[in-house]
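The structure under discussion appears below in the form of structure tokens.
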Amino acid sequence: MIFLPEKRISERALTVWRISGCINFLIVFLIAGGFIALSIIFKWPVWIIGAILVFLLIYGFLFIYLFPLMRWKRWRYEVREQEIELQHGVFIVKRTLVPMIRVQHVDTQQGPILRKYELATVTVSTAATIHEIPALQLEEAEELRVFISRLARVADEDV
């Protein structure tokens, strides 16, 4: 029987990802505004302005509302004695197993937006890759970092 990871990231991740979506939208909005200005200056067809506005509406809906919600609903993780299991993805759901014996070190990261919402990202480094568990509550992230490092040390001693 296959067990799916059950632990979820903080619901405040939605707010952080939506703020990030707003920042991305602002950049796209400025670029689109430049195209609208060019279309007015060079007297391009009016439908171009309409197409740009429709694009902006769809882009805003997707990246500010829908994708953060779908991303949050799919993000799951589970830390077991022998492995760390991650599940994430919006359209393609990716499941990853990281053997504890491969873990080299564990870090927590906070950017300014995560810090404002008292969240942190746990990064698990192996020889080949870095895996992230985003937007955990700060206390939970610190506890998880210590817990994984202890399990990795025990797994390393068993070899």
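Letters A, B, ... go to the chains of the structure tokens in the order shown; residues in each chain start at 1; ligands are counted from 1 in the same order.
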
(request) Tell me, as an NGL selection string, which residues lie within 8 Å of segment 24-33 of chain A, counting only C-alpha atoms; anything in the same chain fewer than 2 positions away does not count. (result) :A and (20-22 or 35-37 or 52 or 56 or 59-60 or 63-64)

Determine, counting only C-alpha atoms, which protein, DNA and RNA residues have an atom within 10 Å of an atom of segment 128-130 of chain A; residues of the same chain fewer than 2 positions away are not included. Present the result as a JSON list (two decimals) with C-alpha atoms, in the first residue's frame.
[["chain", "number", "residue", "atom", "x", "y", "z"],
["A", 98, "VAL", "CA", 15.31, 11.58, -0.08],
["A", 102, "ARG", "CA", 22.21, 10.95, 1.64],
["A", 103, "VAL", "CA", 21.45, 14.09, 3.66],
["A", 104, "GLN", "CA", 24.57, 16.22, 4.07],
["A", 105, "HIS", "CA", 23.15, 19.27, 5.82],
["A", 106, "VAL", "CA", 19.88, 21.03, 6.60],
["A", 123, "THR", "CA", 16.42, 23.16, 2.64],
["A", 124, "VAL", "CA", 17.81, 19.64, 2.68],
["A", 125, "SER", "CA", 21.10, 19.24, 0.81],
["A", 126, "THR", "CA", 22.42, 15.99, -0.61],
["A", 132, "GLU", "CA", 13.05, 22.52, -0.15]]

(request) Report the residues of chain A whose backbone DSSP state falls under strand (DSSP E or B), written as a ChimeraX atom specification. (result) /A:7-8,76-79,83-88,94-99,105-109,119-125,130-137

Residues just named, written with N, CA and C atoms as a JSON list (two decimals), in the first residue's frame:
[["chain", "number", "residue", "atom", "x", "y", "z"],
["A", 7, "LYS", "N", 1.76, 15.66, 6.07],
["A", 7, "LYS", "CA", 1.98, 16.97, 6.67],
["A", 7, "LYS", "C", 1.89, 18.05, 5.60],
["A", 8, "ARG", "N", 1.26, 19.16, 5.98],
["A", 8, "ARG", "CA", 1.07, 20.28, 5.06],
["A", 8, "ARG", "C", 1.91, 21.46, 5.51],
["A", 76, "ARG", "N", 2.87, 18.58, 0.17],
["A", 76, "ARG", "CA", 2.85, 17.68, 1.31],
["A", 76, "ARG", "C", 4.28, 17.21, 1.58],
["A", 77, "TYR", "N", 4.54, 16.87, 2.82],
["A", 77, "TYR", "CA", 5.84, 16.31, 3.15],
["A", 77, "TYR", "C", 5.69, 15.37, 4.34],
["A", 78, "GLU", "N", 6.65, 14.50, 4.48],
["A", 78, "GLU", "CA", 6.68, 13.57, 5.60],
["A", 78, "GLU", "C", 8.14, 13.24, 5.88],
["A", 79, "VAL", "N", 8.53, 13.33, 7.14],
["A", 79, "VAL", "CA", 9.89, 12.98, 7.55],
["A", 79, "VAL", "C", 9.80, 11.70, 8.35],
["A", 83, "GLU", "N", 13.82, 8.24, 5.58],
["A", 83, "GLU", "CA", 13.66, 9.05, 4.36],
["A", 83, "GLU", "C", 12.81, 10.28, 4.62],
["A", 84, "ILE", "N", 12.92, 11.20, 3.68],
["A", 84, "ILE", "CA", 12.07, 12.38, 3.64],
["A", 84, "ILE", "C", 11.27, 12.28, 2.34],
["A", 85, "GLU", "N", 9.97, 12.39, 2.43],
["A", 85, "GLU", "CA", 9.13, 12.32, 1.24],
["A", 85, "GLU", "C", 8.49, 13.67, 0.99],
["A", 86, "LEU", "N", 8.60, 14.14, -0.25],
["A", 86, "LEU", "CA", 8.04, 15.42, -0.66],
["A", 86, "LEU", "C", 7.07, 15.19, -1.81],
["A", 87, "GLN", "N", 5.98, 15.93, -1.82],
["A", 87, "GLN", "CA", 5.02, 15.89, -2.92],
["A", 87, "GLN", "C", 4.60, 17.32, -3.23],
["A", 88, "HIS", "N", 4.77, 17.72, -4.50],
["A", 88, "HIS", "CA", 4.41, 19.07, -4.88],
["A", 88, "HIS", "C", 4.19, 19.13, -6.39],
["A", 94, "LYS", "N", 4.86, 15.93, -8.43],
["A", 94, "LYS", "CA", 6.15, 15.27, -8.29],
["A", 94, "LYS", "C", 6.30, 14.75, -6.87],
["A", 95, "ARG", "N", 6.65, 13.48, -6.76],
["A", 95, "ARG", "CA", 6.91, 12.88, -5.44],
["A", 95, "ARG", "C", 8.38, 12.49, -5.39],
["A", 96, "THR", "N", 9.03, 12.90, -4.31],
["A", 96, "THR", "CA", 10.47, 12.68, -4.15],
["A", 96, "THR", "C", 10.74, 12.00, -2.82],
["A", 97, "LEU", "N", 11.59, 10.99, -2.84],
["A", 97, "LEU", "CA", 12.08, 10.35, -1.63],
["A", 97, "LEU", "C", 13.56, 10.68, -1.49],
["A", 98, "VAL", "N", 13.91, 11.27, -0.36],
["A", 98, "VAL", "CA", 15.31, 11.58, -0.08],
["A", 98, "VAL", "C", 15.76, 10.65, 1.04],
["A", 99, "PRO", "N", 16.65, 9.70, 0.74],
["A", 99, "PRO", "CA", 17.13, 8.80, 1.80],
["A", 99, "PRO", "C", 17.90, 9.59, 2.86],
["A", 105, "HIS", "N", 23.47, 18.24, 4.82],
["A", 105, "HIS", "CA", 23.15, 19.27, 5.82],
["A", 105, "HIS", "C", 21.76, 19.84, 5.58],
["A", 106, "VAL", "N", 21.24, 20.49, 6.62],
["A", 106, "VAL", "CA", 19.88, 21.03, 6.60],
["A", 106, "VAL", "C", 19.95, 22.49, 7.03],
["A", 107, "ASP", "N", 19.29, 23.37, 6.28],
["A", 107, "ASP", "CA", 19.28, 24.80, 6.58],
["A", 107, "ASP", "C", 17.85, 25.30, 6.65],
["A", 108, "THR", "N", 17.70, 26.47, 7.27],
["A", 108, "THR", "CA", 16.43, 27.21, 7.17],
["A", 108, "THR", "C", 16.75, 28.54, 6.51],
["A", 109, "GLN", "N", 15.81, 29.03, 5.72],
["A", 109, "GLN", "CA", 15.96, 30.30, 5.01],
["A", 109, "GLN", "C", 14.72, 31.15, 5.23],
["A", 119, "LEU", "N", 7.46, 32.76, 8.78],
["A", 119, "LEU", "CA", 7.61, 31.49, 8.07],
["A", 119, "LEU", "C", 9.07, 31.31, 7.69],
["A", 120, "ALA", "N", 9.44, 30.07, 7.39],
["A", 120, "ALA", "CA", 10.79, 29.77, 6.94],
["A", 120, "ALA", "C", 10.73, 28.58, 5.99],
["A", 121, "THR", "N", 11.76, 28.49, 5.15],
["A", 121, "THR", "CA", 11.90, 27.37, 4.24],
["A", 121, "THR", "C", 13.02, 26.48, 4.75],
["A", 122, "VAL", "N", 12.77, 25.18, 4.80],
["A", 122, "VAL", "CA", 13.80, 24.21, 5.19],
["A", 122, "VAL", "C", 14.40, 23.65, 3.92],
["A", 123, "THR", "N", 15.73, 23.73, 3.80],
["A", 123, "THR", "CA", 16.42, 23.16, 2.64],
["A", 123, "THR", "C", 17.25, 21.97, 3.10],
["A", 124, "VAL", "N", 17.09, 20.87, 2.39],
["A", 124, "VAL", "CA", 17.81, 19.64, 2.68],
["A", 124, "VAL", "C", 18.78, 19.40, 1.53],
["A", 125, "SER", "N", 20.08, 19.39, 1.84],
["A", 125, "SER", "CA", 21.10, 19.24, 0.81],
["A", 125, "SER", "C", 21.65, 17.83, 0.80],
["A", 130, "ILE", "N", 19.40, 19.92, -3.95],
["A", 130, "ILE", "CA", 18.86, 20.61, -2.78],
["A", 130, "ILE", "C", 17.35, 20.50, -2.86],
["A", 131, "HIS", "N", 16.74, 20.03, -1.79],
["A", 131, "HIS", "CA", 15.29, 19.89, -1.72],
["A", 131, "HIS", "C", 14.77, 20.90, -0.72],
["A", 132, "GLU", "N", 13.62, 21.50, -1.02],
["A", 132, "GLU", "CA", 13.05, 22.52, -0.15],
["A", 132, "GLU", "C", 11.67, 22.13, 0.35],
["A", 133, "ILE", "N", 11.42, 22.48, 1.59],
["A", 133, "ILE", "CA", 10.07, 22.42, 2.15],
["A", 133, "ILE", "C", 9.73, 23.88, 2.47],
["A", 134, "PRO", "N", 8.89, 24.51, 1.65],
["A", 134, "PRO", "CA", 8.68, 25.95, 1.78],
["A", 134, "PRO", "C", 7.64, 26.31, 2.84],
["A", 135, "ALA", "N", 7.74, 27.53, 3.31],
["A", 135, "ALA", "CA", 6.69, 28.19, 4.10],
["A", 135, "ALA", "C", 6.17, 27.39, 5.28],
["A", 136, "LEU", "N", 7.10, 26.96, 6.13],
["A", 136, "LEU", "CA", 6.71, 26.33, 7.39],
["A", 136, "LEU", "C", 6.72, 27.39, 8.48],
["A", 137, "GLN", "N", 5.90, 27.21, 9.50],
["A", 137, "GLN", "CA", 5.94, 28.13, 10.63],
["A", 137, "GLN", "C", 7.35, 28.08, 11.21]]

Need the shell around Ile101 of chain A: protein/DNA/RNA residues with any atom at most 6 Å away, counting only C-alpha atoms. Skip same-chain ones fewer than 6 positions apart. Format as a CSV table (one decimal) with N, CA and C atoms, in the first residue's frame?
chain,number,residue,atom,x,y,z
A,152,ALA,N,19.8,12.2,10.2
A,152,ALA,CA,20.8,12.0,9.2
A,152,ALA,C,22.1,11.6,9.9
A,155,ALA,N,21.6,7.9,10.8
A,155,ALA,CA,21.7,7.1,9.5
A,155,ALA,C,23.2,7.0,9.1
A,156,ASP,N,23.9,8.0,9.3
A,156,ASP,CA,25.3,8.0,8.9
A,156,ASP,C,26.1,7.1,9.8

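Comparing A:Met100, A:Leu4, A:Ile148, A:Ala13 by their smallest distance to Gln82 of chain A, the closest is A:Met100 (using only C-alpha atoms).
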
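Each of A:Glu142, A:Glu118, A:Glu11, A:Asp158 was compared to Trp75 of chain A using only C-alpha atoms, and A:Glu11 turns out to be the nearest.
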
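In terms of minimum interatomic distance to Phe67 of chain A, A:Gly89 ranks closest within A:Gly89, A:Gly34, A:Ile9, A:Gly50, counting only C-alpha atoms.
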
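In this model, the gap between atom CA of Ile58 of chain A and atom CA of Tyr117 of chain A comes to 27.4 Å.
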